[in-house]
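See below for start.csv, which holds CSV, C-alpha atoms and all ligand atoms.
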```csv
chain,number,residue,atom,x,y,z
U,1,MET,CA,-96.0,-33.3,-16.8
U,2,ASN,CA,-97.9,-35.4,-14.2
U,3,ASN,CA,-96.3,-34.5,-10.8
U,4,ARG,CA,-97.8,-37.6,-9.2
U,5,LEU,CA,-95.4,-39.7,-11.4
U,6,ILE,CA,-92.4,-38.0,-9.9
U,7,ALA,CA,-90.7,-39.3,-6.8
U,8,ARG,CA,-90.4,-36.7,-4.0
U,9,ARG,CA,-86.6,-37.2,-3.8
U,10,MET,CA,-86.3,-35.8,-7.3
U,11,LEU,CA,-87.6,-32.4,-6.0
U,12,ARG,CA,-84.6,-32.2,-3.7
U,13,VAL,CA,-82.0,-32.4,-6.5
U,14,LYS,CA,-81.0,-30.4,-9.6
U,15,PRO,CA,-79.1,-31.4,-12.7
U,16,SER,CA,-75.3,-31.2,-12.5
U,17,PRO,CA,-74.1,-27.6,-13.4
U,18,THR,CA,-71.4,-29.1,-15.5
U,19,ALA,CA,-74.0,-30.8,-17.6
U,20,VAL,CA,-76.0,-27.5,-17.8
U,21,ILE,CA,-73.0,-25.6,-19.1
U,22,SER,CA,-72.2,-28.3,-21.7
U,23,ASP,CA,-75.8,-28.0,-23.0
U,24,GLN,CA,-75.4,-24.2,-23.2
U,25,VAL,CA,-72.1,-24.6,-25.2
U,26,ARG,CA,-73.8,-27.1,-27.6
U,27,GLU,CA,-76.6,-24.6,-28.1
U,28,LEU,CA,-74.2,-21.7,-29.0
U,29,GLU,CA,-72.2,-24.0,-31.3
U,30,GLN,CA,-75.4,-25.0,-33.1
U,31,GLN,CA,-75.9,-21.2,-33.7
U,32,GLY,CA,-72.5,-21.3,-35.4
U,33,LYS,CA,-70.6,-19.7,-32.5
U,34,ASN,CA,-67.1,-20.8,-31.8
U,35,VAL,CA,-67.1,-21.6,-28.1
U,36,ILE,CA,-64.0,-22.6,-26.0
U,37,ASN,CA,-65.1,-24.8,-23.1
U,38,LEU,CA,-63.1,-24.4,-19.9
U,39,GLY,CA,-66.0,-25.8,-18.0
U,40,GLU,CA,-65.3,-29.6,-18.4
U,41,GLY,CA,-63.7,-31.7,-15.7
U,42,GLU,CA,-61.6,-33.9,-18.0
U,43,LEU,CA,-58.2,-34.0,-19.5
U,44,ASP,CA,-57.8,-33.3,-23.2
U,45,PHE,CA,-55.0,-36.0,-23.4
U,46,ALA,CA,-55.8,-39.3,-25.1
U,47,THR,CA,-55.9,-42.4,-23.0
U,48,PRO,CA,-52.3,-43.9,-23.3
U,49,ASP,CA,-52.2,-46.4,-26.2
U,50,ALA,CA,-51.1,-49.4,-24.0
U,51,ILE,CA,-54.2,-49.0,-21.9
U,52,SER,CA,-56.5,-48.7,-25.0
U,53,TYR,CA,-54.9,-51.8,-26.5
U,54,ALA,CA,-55.6,-53.7,-23.2
U,55,GLY,CA,-59.2,-52.9,-23.7
U,56,ILE,CA,-59.2,-54.0,-27.3
U,57,GLU,CA,-57.5,-57.2,-26.3
U,58,ALA,CA,-60.2,-57.9,-23.8
U,59,ILE,CA,-62.8,-57.6,-26.6
U,60,VAL,CA,-60.9,-59.8,-29.0
U,61,ASN,CA,-60.3,-62.4,-26.2
U,62,HIS,CA,-64.0,-62.4,-25.5
U,63,GLN,CA,-63.7,-61.0,-22.0
U,64,THR,CA,-67.2,-59.7,-22.5
U,65,LYS,CA,-69.3,-61.6,-20.0
U,66,TYR,CA,-70.4,-60.7,-16.5
U,67,THR,CA,-67.7,-60.7,-13.8
U,68,ALA,CA,-67.9,-60.7,-10.0
U,69,VAL,CA,-69.9,-57.6,-9.1
U,70,ALA,CA,-67.0,-55.9,-7.3
U,71,GLY,CA,-64.6,-56.5,-10.2
U,72,THR,CA,-62.3,-59.3,-11.4
U,73,ALA,CA,-59.7,-60.9,-9.1
U,74,GLU,CA,-57.0,-59.4,-11.4
U,75,LEU,CA,-58.3,-55.9,-11.1
U,76,LYS,CA,-58.7,-56.1,-7.3
U,77,GLU,CA,-55.1,-57.3,-7.1
U,78,ALA,CA,-54.0,-54.3,-9.2
U,79,ILE,CA,-56.0,-52.0,-7.0
U,80,ALA,CA,-54.5,-53.5,-3.8
U,81,GLN,CA,-51.0,-53.1,-5.3
U,82,LYS,CA,-51.7,-49.5,-6.2
U,83,PHE,CA,-52.8,-48.7,-2.6
U,84,ALA,CA,-49.8,-50.6,-1.2
U,85,GLN,CA,-47.3,-48.8,-3.4
U,86,ASP,CA,-48.6,-45.3,-3.6
U,87,ASN,CA,-50.3,-45.0,-0.2
U,88,GLN,CA,-48.8,-47.7,2.0
U,89,LEU,CA,-52.3,-49.0,2.7
U,90,CYS,CA,-52.9,-52.7,2.9
U,91,TYR,CA,-56.3,-53.9,1.8
U,92,HIS,CA,-57.7,-57.5,1.5
U,93,LYS,CA,-59.8,-58.3,-1.5
U,94,ASP,CA,-63.1,-58.1,0.4
U,95,GLU,CA,-62.1,-54.5,1.4
U,96,ILE,CA,-62.0,-53.4,-2.3
U,97,ILE,CA,-64.7,-52.7,-4.9
U,98,ALA,CA,-64.6,-51.5,-8.5
U,99,GLY,CA,-67.5,-49.6,-10.0
U,100,SER,CA,-68.6,-47.6,-13.1
U,101,GLY,CA,-66.7,-44.5,-12.0
U,102,ALA,CA,-65.8,-43.0,-8.6
U,103,LYS,CA,-69.2,-41.3,-8.8
U,104,GLN,CA,-71.1,-44.5,-8.6
U,105,LEU,CA,-69.0,-45.7,-5.6
U,106,ILE,CA,-69.6,-42.4,-3.7
U,107,PHE,CA,-73.3,-42.6,-4.5
U,108,ASN,CA,-73.5,-46.3,-3.4
U,109,ALA,CA,-71.5,-45.6,-0.1
U,110,LEU,CA,-73.9,-42.8,0.8
U,111,MET,CA,-77.0,-44.8,-0.2
U,112,ALA,CA,-75.9,-47.7,1.9
U,113,THR,CA,-75.3,-45.6,5.1
U,114,VAL,CA,-77.3,-42.4,5.1
U,115,GLU,CA,-81.0,-42.1,6.0
U,116,ASP,CA,-83.6,-39.9,7.8
U,117,GLU,CA,-81.8,-36.6,7.7
U,118,ASP,CA,-78.5,-38.0,8.8
U,119,GLU,CA,-75.9,-35.3,8.4
U,120,VAL,CA,-72.9,-35.3,6.0
U,121,ILE,CA,-70.3,-32.7,6.5
U,122,ILE,CA,-69.1,-31.2,3.1
U,123,PRO,CA,-66.4,-28.6,3.2
U,124,ALA,CA,-67.0,-25.9,0.5
U,125,PRO,CA,-66.0,-25.3,-2.2
U,126,TYR,CA,-67.0,-28.9,-3.0
U,127,TRP,CA,-67.4,-31.1,-6.0
U,128,VAL,CA,-70.9,-30.4,-7.3
U,129,SER,CA,-72.4,-33.8,-6.9
U,130,TYR,CA,-71.8,-34.4,-3.2
U,131,PRO,CA,-74.7,-32.4,-1.7
U,132,ASP,CA,-77.3,-33.8,-4.2
U,133,MET,CA,-76.1,-37.4,-3.6
U,134,VAL,CA,-76.6,-36.8,0.1
U,135,ARG,CA,-80.1,-35.5,-0.6
U,136,LEU,CA,-80.9,-38.5,-2.8
U,137,ALA,CA,-80.0,-40.7,0.2
U,138,ASP,CA,-82.5,-38.7,2.3
U,139,GLY,CA,-79.6,-37.1,4.2
U,140,GLU,CA,-78.8,-33.5,5.1
U,141,PRO,CA,-75.7,-31.9,3.6
U,142,VAL,CA,-74.0,-29.7,6.2
U,143,ILE,CA,-71.9,-27.3,4.1
U,144,VAL,CA,-68.9,-25.8,5.9
U,145,PRO,CA,-67.5,-22.8,4.0
U,146,CYS,CA,-63.7,-22.8,4.0
U,147,SER,CA,-61.9,-19.6,3.2
U,148,GLU,CA,-59.4,-18.6,0.6
U,149,GLN,CA,-57.1,-17.4,3.5
U,150,SER,CA,-57.1,-21.0,5.0
U,151,GLY,CA,-56.0,-22.4,1.6
U,152,TRP,CA,-59.6,-23.6,1.1
U,153,LYS,CA,-59.1,-26.3,3.8
U,154,LEU,CA,-61.4,-27.4,6.6
U,155,THR,CA,-59.8,-26.6,10.0
U,156,SER,CA,-60.2,-28.8,13.1
U,157,GLU,CA,-62.1,-26.0,14.8
U,158,GLN,CA,-64.6,-25.9,11.9
U,159,LEU,CA,-65.0,-29.7,11.9
U,160,GLN,CA,-65.5,-29.7,15.7
U,161,SER,CA,-68.4,-27.2,15.5
U,162,ALA,CA,-70.1,-28.9,12.5
U,163,LEU,CA,-70.2,-32.3,14.2
U,164,THR,CA,-73.4,-33.4,15.9
U,165,ASP,CA,-74.8,-36.8,17.0
U,166,LYS,CA,-76.5,-37.0,13.6
U,167,THR,CA,-73.3,-36.7,11.6
U,168,ARG,CA,-72.6,-39.9,9.5
U,169,TRP,CA,-69.8,-38.8,7.2
U,170,LEU,CA,-67.1,-36.2,6.6
U,171,ILE,CA,-66.3,-35.9,2.9
U,172,LEU,CA,-62.7,-34.8,2.1
U,173,ASN,CA,-61.5,-34.3,-1.4
U,174,SER,CA,-57.7,-33.8,-1.9
U,175,PRO,CA,-56.5,-32.6,-4.4
U,176,ASN,CA,-59.7,-30.6,-4.4
U,177,ASN,CA,-62.1,-29.9,-7.3
U,178,PRO,CA,-62.5,-26.9,-7.7
U,179,THR,CA,-59.6,-25.3,-5.8
U,180,GLY,CA,-56.7,-27.8,-6.3
U,181,ALA,CA,-56.0,-27.6,-2.5
U,182,ILE,CA,-54.1,-30.5,-1.0
U,183,TYR,CA,-54.3,-31.4,2.7
U,184,SER,CA,-50.9,-32.1,4.4
U,185,ALA,CA,-50.4,-35.1,6.6
U,186,SER,CA,-50.5,-32.9,9.7
U,187,GLU,CA,-53.7,-31.2,8.6
U,188,LEU,CA,-55.3,-34.6,8.1
U,189,LYS,CA,-54.1,-35.8,11.5
U,190,ALA,CA,-55.6,-32.7,13.2
U,191,LEU,CA,-59.0,-33.5,11.7
U,192,ALA,CA,-58.6,-37.2,12.7
U,193,GLU,CA,-57.9,-36.1,16.3
U,194,VAL,CA,-61.3,-34.4,16.4
U,195,LEU,CA,-63.1,-37.4,14.9
U,196,ARG,CA,-61.6,-39.8,17.4
U,197,ASP,CA,-64.4,-38.8,19.8
U,198,TYR,CA,-67.1,-39.5,17.3
U,199,PRO,CA,-67.0,-43.2,16.6
U,200,ASN,CA,-70.2,-43.1,14.5
U,201,VAL,CA,-68.7,-40.8,11.8
U,202,LEU,CA,-67.2,-42.3,8.6
U,203,VAL,CA,-64.7,-40.5,6.5
U,204,MET,CA,-64.8,-40.4,2.7
U,205,SER,CA,-61.4,-39.6,1.2
U,206,ASP,CA,-62.0,-38.7,-2.5
U,207,ASP,CA,-58.5,-39.0,-3.9
U,208,ILE,CA,-59.5,-39.0,-7.6
U,209,TYR,CA,-56.9,-36.2,-8.6
U,210,GLU,CA,-54.1,-37.8,-6.5
U,211,PRO,CA,-51.3,-37.9,-9.2
U,212,LEU,CA,-52.1,-34.5,-10.6
U,213,ARG,CA,-49.9,-32.4,-8.3
U,214,TYR,CA,-47.4,-29.6,-9.1
U,215,ARG,CA,-44.1,-28.2,-7.9
U,216,GLY,CA,-43.2,-31.5,-6.3
U,217,ILE,CA,-45.8,-31.3,-3.5
U,218,GLY,CA,-46.2,-34.6,-1.6
U,219,TYR,CA,-49.3,-36.5,-0.8
U,220,GLN,CA,-50.9,-38.5,1.9
U,221,SER,CA,-54.3,-40.1,1.8
U,222,PHE,CA,-56.5,-39.7,4.9
U,223,ALA,CA,-56.3,-43.4,5.9
U,224,GLN,CA,-52.5,-43.2,5.6
U,225,ALA,CA,-52.2,-40.1,7.8
U,226,ALA,CA,-54.8,-41.4,10.3
U,227,PRO,CA,-54.3,-45.2,10.4
U,228,GLU,CA,-56.3,-45.4,13.7
U,229,LEU,CA,-59.4,-44.3,11.7
U,230,ALA,CA,-58.8,-46.6,8.7
U,231,ASP,CA,-61.6,-49.0,9.8
U,232,ARG,CA,-64.1,-46.1,9.2
U,233,THR,CA,-62.5,-44.5,6.2
U,234,LEU,CA,-63.6,-45.2,2.6
U,235,THR,CA,-60.8,-44.2,0.1
U,236,VAL,CA,-62.2,-43.5,-3.3
U,237,ASN,CA,-60.1,-43.3,-6.4
U,238,GLY,CA,-60.3,-44.1,-10.1
U,239,VAL,CA,-58.6,-43.9,-13.5
U,240,SER,CA,-60.8,-41.1,-14.9
U,241,LYS,CA,-58.4,-38.2,-14.1
U,242,SER,CA,-55.1,-40.1,-13.5
U,243,HIS,CA,-55.1,-41.8,-16.9
U,244,ALA,CA,-57.4,-39.6,-19.0
U,245,MET,CA,-60.1,-42.3,-19.0
U,246,THR,CA,-63.3,-40.4,-18.1
U,247,GLY,CA,-65.3,-42.3,-20.7
U,248,TRP,CA,-64.2,-45.7,-19.7
U,249,ARG,CA,-66.2,-45.3,-16.4
U,250,LEU,CA,-63.9,-47.1,-14.0
U,251,GLY,CA,-63.5,-46.2,-10.3
U,252,TYR,CA,-62.5,-48.1,-7.2
U,253,ALA,CA,-62.8,-47.8,-3.5
U,254,ALA,CA,-61.4,-49.5,-0.4
U,255,GLY,CA,-62.5,-49.5,3.2
U,256,PRO,CA,-64.0,-51.7,5.9
U,257,ALA,CA,-65.4,-55.0,4.6
U,258,TRP,CA,-68.9,-54.4,6.1
U,259,LEU,CA,-69.2,-51.2,4.1
U,260,ILE,CA,-67.7,-52.6,0.9
U,261,SER,CA,-70.1,-55.6,1.2
U,262,LEU,CA,-73.1,-53.2,1.5
U,263,MET,CA,-71.9,-51.2,-1.6
U,264,GLN,CA,-71.5,-54.5,-3.4
U,265,ILE,CA,-75.1,-55.5,-2.6
U,266,LEU,CA,-76.4,-52.2,-3.9
U,267,GLN,CA,-74.3,-52.5,-7.0
U,268,SER,CA,-75.5,-56.1,-7.6
U,269,GLN,CA,-79.1,-54.9,-7.6
U,270,SER,CA,-78.5,-51.9,-9.9
U,271,THR,CA,-75.6,-52.0,-12.4
U,272,SER,CA,-73.6,-55.1,-11.5
U,273,ASN,CA,-70.0,-55.2,-12.5
U,274,PRO,CA,-68.3,-52.4,-14.3
U,275,SER,CA,-67.6,-53.0,-18.0
U,276,THR,CA,-65.2,-56.0,-18.5
U,277,ILE,CA,-63.4,-54.0,-21.2
U,278,SER,CA,-62.8,-51.1,-18.8
U,279,GLN,CA,-61.7,-53.5,-16.1
U,280,ALA,CA,-59.0,-55.0,-18.3
U,281,ALA,CA,-57.9,-51.5,-19.4
U,282,ALA,CA,-57.7,-50.4,-15.7
U,283,VAL,CA,-55.5,-53.4,-14.8
U,284,CYS,CA,-53.1,-52.1,-17.4
U,285,ALA,CA,-53.4,-48.5,-16.2
U,286,LEU,CA,-52.7,-49.4,-12.6
U,287,THR,CA,-49.8,-51.8,-13.3
U,288,GLN,CA,-47.9,-50.2,-16.2
U,289,ASN,CA,-45.1,-47.7,-15.9
U,290,GLU,CA,-46.6,-44.2,-15.5
U,291,GLN,CA,-43.9,-42.2,-17.1
U,292,PHE,CA,-46.4,-40.4,-19.3
U,293,LEU,CA,-47.6,-38.7,-16.1
U,294,ASP,CA,-44.5,-36.5,-15.9
U,295,GLY,CA,-45.1,-35.1,-19.4
U,296,TRP,CA,-48.8,-34.5,-18.6
U,297,ARG,CA,-47.9,-32.7,-15.3
U,298,ASP,CA,-45.4,-30.5,-17.1
U,299,LYS,CA,-47.9,-29.5,-19.7
U,300,LEU,CA,-50.6,-28.9,-17.1
U,301,ALA,CA,-48.2,-26.8,-15.0
U,302,LYS,CA,-47.5,-24.5,-18.0
U,303,ARG,CA,-51.2,-24.1,-18.8
U,304,GLN,CA,-51.8,-23.3,-15.1
U,305,ASP,CA,-49.1,-20.5,-15.4
U,306,LYS,CA,-50.8,-19.2,-18.5
U,307,VAL,CA,-54.2,-18.9,-16.8
U,308,LEU,CA,-52.6,-17.4,-13.7
U,309,GLN,CA,-50.8,-14.8,-15.8
U,310,THR,CA,-54.0,-13.9,-17.6
U,311,ILE,CA,-55.9,-13.5,-14.3
U,312,ALA,CA,-53.1,-11.3,-12.8
U,313,SER,CA,-53.4,-9.0,-15.8
U,314,ILE,CA,-57.2,-8.6,-15.5
U,315,ASP,CA,-58.4,-5.9,-13.1
U,316,GLY,CA,-61.1,-7.5,-11.0
U,317,LEU,CA,-59.8,-11.1,-11.0
U,318,SER,CA,-57.2,-12.8,-8.7
U,319,ALA,CA,-56.1,-16.3,-7.9
U,320,ASP,CA,-53.3,-18.2,-6.1
U,321,ALA,CA,-51.5,-21.1,-7.8
U,322,PRO,CA,-53.4,-24.3,-7.0
U,323,ASP,CA,-51.3,-27.3,-5.8
U,324,GLY,CA,-53.2,-30.0,-7.7
U,325,ALA,CA,-56.0,-31.0,-10.1
U,326,PHE,CA,-56.5,-29.0,-13.3
U,327,TYR,CA,-58.6,-26.0,-12.2
U,328,VAL,CA,-57.9,-22.4,-11.2
U,329,PHE,CA,-60.5,-21.1,-8.7
U,330,ALA,CA,-60.4,-17.4,-9.4
U,331,ASN,CA,-61.9,-14.6,-7.2
U,332,CYS,CA,-64.1,-12.5,-9.4
U,333,GLN,CA,-65.5,-10.2,-6.7
U,334,GLY,CA,-63.8,-7.3,-8.4
U,335,LEU,CA,-65.9,-7.8,-11.5
U,336,ILE,CA,-69.2,-7.9,-9.6
U,337,GLY,CA,-70.9,-4.5,-9.8
U,338,LYS,CA,-69.3,-3.6,-13.1
U,339,LYS,CA,-71.3,-2.5,-16.2
U,340,THR,CA,-71.2,-4.3,-19.5
U,341,ALA,CA,-71.0,-2.5,-22.9
U,342,ASP,CA,-74.8,-2.8,-23.3
U,343,GLY,CA,-75.4,-1.3,-19.8
U,344,LYS,CA,-76.1,-4.4,-17.8
U,345,ILE,CA,-74.7,-4.7,-14.2
U,346,LEU,CA,-73.0,-7.9,-13.3
U,347,ASN,CA,-74.7,-8.7,-10.0
U,348,ASP,CA,-73.0,-12.0,-9.0
U,349,ASP,CA,-70.7,-14.8,-10.2
U,350,VAL,CA,-73.6,-16.4,-12.1
U,351,ASP,CA,-73.9,-13.1,-14.1
U,352,VAL,CA,-70.2,-13.0,-14.6
U,353,ALA,CA,-70.0,-16.5,-16.0
U,354,ALA,CA,-73.0,-16.0,-18.2
U,355,TRP,CA,-71.6,-12.7,-19.5
U,356,ILE,CA,-68.2,-14.3,-20.3
U,357,LEU,CA,-70.0,-17.1,-22.2
U,358,SER,CA,-72.1,-14.7,-24.2
U,359,GLN,CA,-69.5,-12.1,-24.8
U,360,ALA,CA,-66.2,-14.0,-25.0
U,361,HIS,CA,-67.7,-17.4,-26.0
U,362,VAL,CA,-65.6,-18.9,-23.2
U,363,ALA,CA,-67.5,-21.4,-20.9
U,364,LEU,CA,-66.5,-21.6,-17.3
U,365,LEU,CA,-68.4,-22.4,-14.1
U,366,GLN,CA,-69.6,-20.0,-11.4
U,367,GLY,CA,-68.3,-20.6,-7.9
U,368,SER,CA,-71.8,-20.8,-6.5
U,369,ALA,CA,-72.1,-24.2,-8.3
U,370,PHE,CA,-69.4,-25.4,-5.8
U,371,GLY,CA,-71.0,-23.7,-2.8
U,372,MET,CA,-68.7,-20.6,-3.0
U,373,PRO,CA,-70.2,-17.5,-4.7
U,374,GLY,CA,-67.9,-14.8,-5.9
U,375,TYR,CA,-65.5,-17.1,-7.7
U,376,LEU,CA,-65.1,-18.8,-11.1
U,377,ARG,CA,-63.7,-22.2,-11.9
U,378,ILE,CA,-61.5,-22.3,-14.9
U,379,ALA,CA,-60.6,-25.8,-16.2
U,380,TYR,CA,-57.3,-25.6,-18.1
U,381,ALA,CA,-57.2,-29.2,-19.3
U,382,VAL,CA,-57.6,-28.1,-22.9
U,383,ASP,CA,-55.2,-27.9,-25.8
U,384,ASP,CA,-52.5,-25.1,-25.5
U,385,ALA,CA,-53.7,-23.1,-28.6
U,386,LEU,CA,-57.3,-23.2,-27.4
U,387,LEU,CA,-56.3,-22.1,-23.9
U,388,GLU,CA,-54.2,-19.2,-25.4
U,389,SER,CA,-57.1,-18.1,-27.4
U,390,ALA,CA,-59.5,-18.4,-24.4
U,391,CYS,CA,-57.2,-16.3,-22.3
U,392,GLU,CA,-57.0,-13.6,-25.0
U,393,ARG,CA,-60.8,-13.5,-25.3
U,394,LEU,CA,-61.2,-13.3,-21.6
U,395,SER,CA,-58.8,-10.3,-21.3
U,396,ASN,CA,-60.4,-8.5,-24.3
U,397,ALA,CA,-63.9,-9.0,-22.9
U,398,CYS,CA,-63.0,-7.8,-19.4
U,399,GLN,CA,-61.4,-4.6,-20.8
U,400,GLN,CA,-64.9,-3.6,-22.1
U,401,LEU,CA,-66.3,-3.5,-18.6
U,402,ALA,CA,-66.8,-0.2,-16.9
X,501,LIG,C1,-63.9,-34.7,-6.9
X,501,LIG,C2,-64.4,-35.7,-7.9
X,501,LIG,N1,-64.8,-36.9,-7.4
X,501,LIG,C3,-65.3,-37.8,-8.2
X,501,LIG,C4,-65.5,-37.6,-9.6
X,501,LIG,C5,-66.1,-38.6,-10.4
X,501,LIG,O1,-65.1,-39.3,-11.2
X,501,LIG,P1,-65.5,-40.6,-12.1
X,501,LIG,O2,-65.3,-40.1,-13.5
X,501,LIG,O3,-64.5,-41.7,-11.7
X,501,LIG,O4,-66.9,-41.0,-11.8
X,501,LIG,C6,-65.1,-36.3,-10.1
X,501,LIG,C7,-65.4,-36.0,-11.5
X,501,LIG,O5,-65.4,-34.9,-12.0
X,501,LIG,C8,-64.6,-35.3,-9.2
X,501,LIG,O6,-64.2,-34.1,-9.7
```

Rendering of file as structure tokens:
Amino acid sequence: MNNRLIARRMLRVKPSPTAVISDQVRELEQQGKNVINLGEGELDFATPDAISYAGIEAIVNHQTKYTAVAGTAELKEAIAQKFAQDNQLCYHKDEIIAGSGAKQLIFNALMATVEDEDEVIIPAPYWVSYPDMVRLADGEPVIVPCSEQSGWKLTSEQLQSALTDKTRWLILNSPNNPTGAIYSASELKALAEVLRDYPNVLVMSDDIYEPLRYRGIGYQSFAQAAPELADRTLTVNGVSKSHAMTGWRLGYAAGPAWLISLMQILQSQSTSNPSTISQAAAVCALTQNEQFLDGWRDKLAKRQDKVLQTIASIDGLSADAPDGAFYVFANCQGLIGKKTADGKILNDDVDVAAWILSQAHVALLQGSAFGMPGYLRIAYAVDDALLESACERLSNACQQLA
């Protein structure tokens, strides 16, 4: 490889750990191994039929040409309606943008605003892509570790001590990937109170797991809890997790018109509008009755219970019930230092995850990928029988540790 052909910014980033684990799973499968993948961040449910048919209809009706970069008027209207109904947030059409996944919108927002080692506060554990996106924008991720004891949430004291005059963004993700933690309105207000004295700091509220909550827990988005900061808050959401539409690549964001306009310029010079077919499907997703969600939540809650019971039965693992998303973030510090049947010592969470993959053929992700070593992320959005079998394999494998 000729290093002179590689941009320096590429030396600052690494491939997404979720993509790495998927490659390892494929490799084991090619060797004829039966691997259960609890590493993927996507629901196993099919996209609801009505939404798929809306996409098919768009194709048949030749809605297959370029649209406005930030999305069709119909989609923006559906997004505005969603924010008004679910979050009591009122956005004008020039304050809304649709893109090819929430990921693209987060990337574009950072690229449009961060430069020259500007700082971005990211509470850990965090979604794997935030720090590398900040680095790609020439910024400096400022990782603030949150503790299991504080429910994995950033406190106002922690925020206060992380803020500097170089801070450009605070990224909040609720419900959180990987912990499922959900900020209450009063916790968000306390963070907003601190930010009031920092007018040059923007807030990114990544709400992508919003509807996936358990035990009736309520929800407030940051801009809703702190309306006085709405003019510097970007609320990001999408249909990937809420409607099992990861492959459709459709996300949306709302915030101040100046920021949305910059994101739109960036998008116009890179990918243009999101797929017209996905836009039509998303209009259906956002406007149809969402009764299917109750059934999904019931199923997911049962799976969460199964995983928590299994964890409770394994000496060396522990976890609290997460409030949202579809992950359990398990403490595996009790497995670290243990010896495998072939005499190897498990030195850290990376060793533990690799050993579980090789021994039990169950793929999960090490906490260090999320900035929190000593933990494992178990995604339970897989079919019940597979999950049952994965739990059994995990228990059997851990019994062999000395
Ligand atoms: C916290 C979080 N934000 C954003 C995304 C990206 O979602 P999308 O599929 O809409 O790009 C993910 C996907 O895993 C996520 O976990």

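The coordinates place atom CA of Gln160 of chain U at 24.2 Å from atom CA of Pro373 of chain U.
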
| request: Enumerate as a VMD selection string the residues within 9 Å of ligand LIG 501 (chain X), counting only C-alpha atoms and all ligand atoms. | output: chain U and resid 40 to 42 99 to 106 126 to 130 173 to 178 206 to 209 236 to 241 245 to 252 325

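Taking all atoms listed in the file, the non-local environment of Ala363 of chain U within 9 Å (same-chain residues fewer than 6 positions away omitted) comprises Ile21, Ser22, Gln24, Val25, Val35, Ile36, Asn37, Leu38, Gly39, Glu40, Ala353, Ala354, Ile356, Leu357 and Ile378 of chain U.
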
| task | Extract, using only C-alpha atoms, all DNA, RNA and protein residues at most 9 Å from Glu74 of chain U, discarding same-chain residues fewer than 2 positions from it, and format them as a count of residues only. | result | 9

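Residue nearest Gly367 of chain U within the list U:Ala112, U:Ile314, U:Ala285, U:Ala124: U:Ala124 [criterion: smallest interatomic distance, only C-alpha atoms].
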
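From atom CA of Ala253 of chain U back to atom CA of Ala225 of chain U, the distance works out to 17.3 Å.
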
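If only C-alpha atoms are the atoms counted, then among U:His243, U:Leu212, U:His361, U:Thr310 the closest residue to Gly32 of chain U is U:His361.
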
Compile the contact shell of segment 186-197 of chain U as a PDB file with C-alpha atoms, keeping the file's coordinate frame: residues with an atom at most 9 Å away, counting all atoms listed in the file, same-chain residues fewer than 5 positions apart removed.
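What ended up in around.pdb:
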```pdb
ATOM      1  CA  LYS U 153     -59.100 -26.300   3.800  1.00  0.00           C
ATOM      2  CA  LEU U 154     -61.400 -27.400   6.600  1.00  0.00           C
ATOM      3  CA  THR U 155     -59.800 -26.600  10.000  1.00  0.00           C
ATOM      4  CA  SER U 156     -60.200 -28.800  13.100  1.00  0.00           C
ATOM      5  CA  GLU U 157     -62.100 -26.000  14.800  1.00  0.00           C
ATOM      6  CA  LEU U 159     -65.000 -29.700  11.900  1.00  0.00           C
ATOM      7  CA  GLN U 160     -65.500 -29.700  15.700  1.00  0.00           C
ATOM      8  CA  LEU U 163     -70.200 -32.300  14.200  1.00  0.00           C
ATOM      9  CA  LEU U 202     -67.200 -42.300   8.600  1.00  0.00           C
ATOM     10  CA  GLN U 220     -50.900 -38.500   1.900  1.00  0.00           C
ATOM     11  CA  SER U 221     -54.300 -40.100   1.800  1.00  0.00           C
ATOM     12  CA  PHE U 222     -56.500 -39.700   4.900  1.00  0.00           C
ATOM     13  CA  ALA U 225     -52.200 -40.100   7.800  1.00  0.00           C
ATOM     14  CA  ALA U 226     -54.800 -41.400  10.300  1.00  0.00           C
ATOM     15  CA  GLU U 228     -56.300 -45.400  13.700  1.00  0.00           C
ATOM     16  CA  LEU U 229     -59.400 -44.300  11.700  1.00  0.00           C
TER      17      LEU U 229
END
```

Please identify all polymer residues within 7 Å of Pro256 of chain U, counting only C-alpha atoms, omitting same-chain residues fewer than 6 positions from it, and present them as a PDB file with C-alpha atoms, keeping the file's coordinate frame.
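Contents of the output file around_16.pdb:
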```pdb
ATOM      1  CA  GLU U  95     -62.100 -54.500   1.400  1.00  0.00           C
ATOM      2  CA  ASP U 231     -61.600 -49.000   9.800  1.00  0.00           C
ATOM      3  CA  ARG U 232     -64.100 -46.100   9.200  1.00  0.00           C
TER       4      ARG U 232
END
```

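Using all atoms listed in the file, the smallest distance between any of U:Ile121, U:Ala185, U:Asp351, U:Cys284 and Val203 of chain U comes from U:Ile121.
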
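Nearest to His92 of chain U of all the residues U:Leu28, U:Leu136, U:Ile143, U:Ala257 is U:Ala257, based on only C-alpha atoms.
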
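You will find atom CA of Pro15 of chain U at 12.8 Å from atom CA of Arg135 of chain U.
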
Neighbourhood query: residues within 10 Å of (-52.9, -41.9, -25.4), file coordinates, counting all atoms listed in the file; return as a PDB file with C-alpha atoms, keeping the file's coordinate frame.
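Result written to selection_20.pdb:
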```pdb
ATOM      1  CA  PHE U  45     -55.000 -36.000 -23.400  1.00  0.00           C
ATOM      2  CA  ALA U  46     -55.800 -39.300 -25.100  1.00  0.00           C
ATOM      3  CA  THR U  47     -55.900 -42.400 -23.000  1.00  0.00           C
ATOM      4  CA  PRO U  48     -52.300 -43.900 -23.300  1.00  0.00           C
ATOM      5  CA  ASP U  49     -52.200 -46.400 -26.200  1.00  0.00           C
ATOM      6  CA  ALA U  50     -51.100 -49.400 -24.000  1.00  0.00           C
ATOM      7  CA  ILE U  51     -54.200 -49.000 -21.900  1.00  0.00           C
ATOM      8  CA  SER U  52     -56.500 -48.700 -25.000  1.00  0.00           C
ATOM      9  CA  HIS U 243     -55.100 -41.800 -16.900  1.00  0.00           C
ATOM     10  CA  ALA U 244     -57.400 -39.600 -19.000  1.00  0.00           C
ATOM     11  CA  MET U 245     -60.100 -42.300 -19.000  1.00  0.00           C
ATOM     12  CA  PHE U 292     -46.400 -40.400 -19.300  1.00  0.00           C
TER      13      PHE U 292
END
```
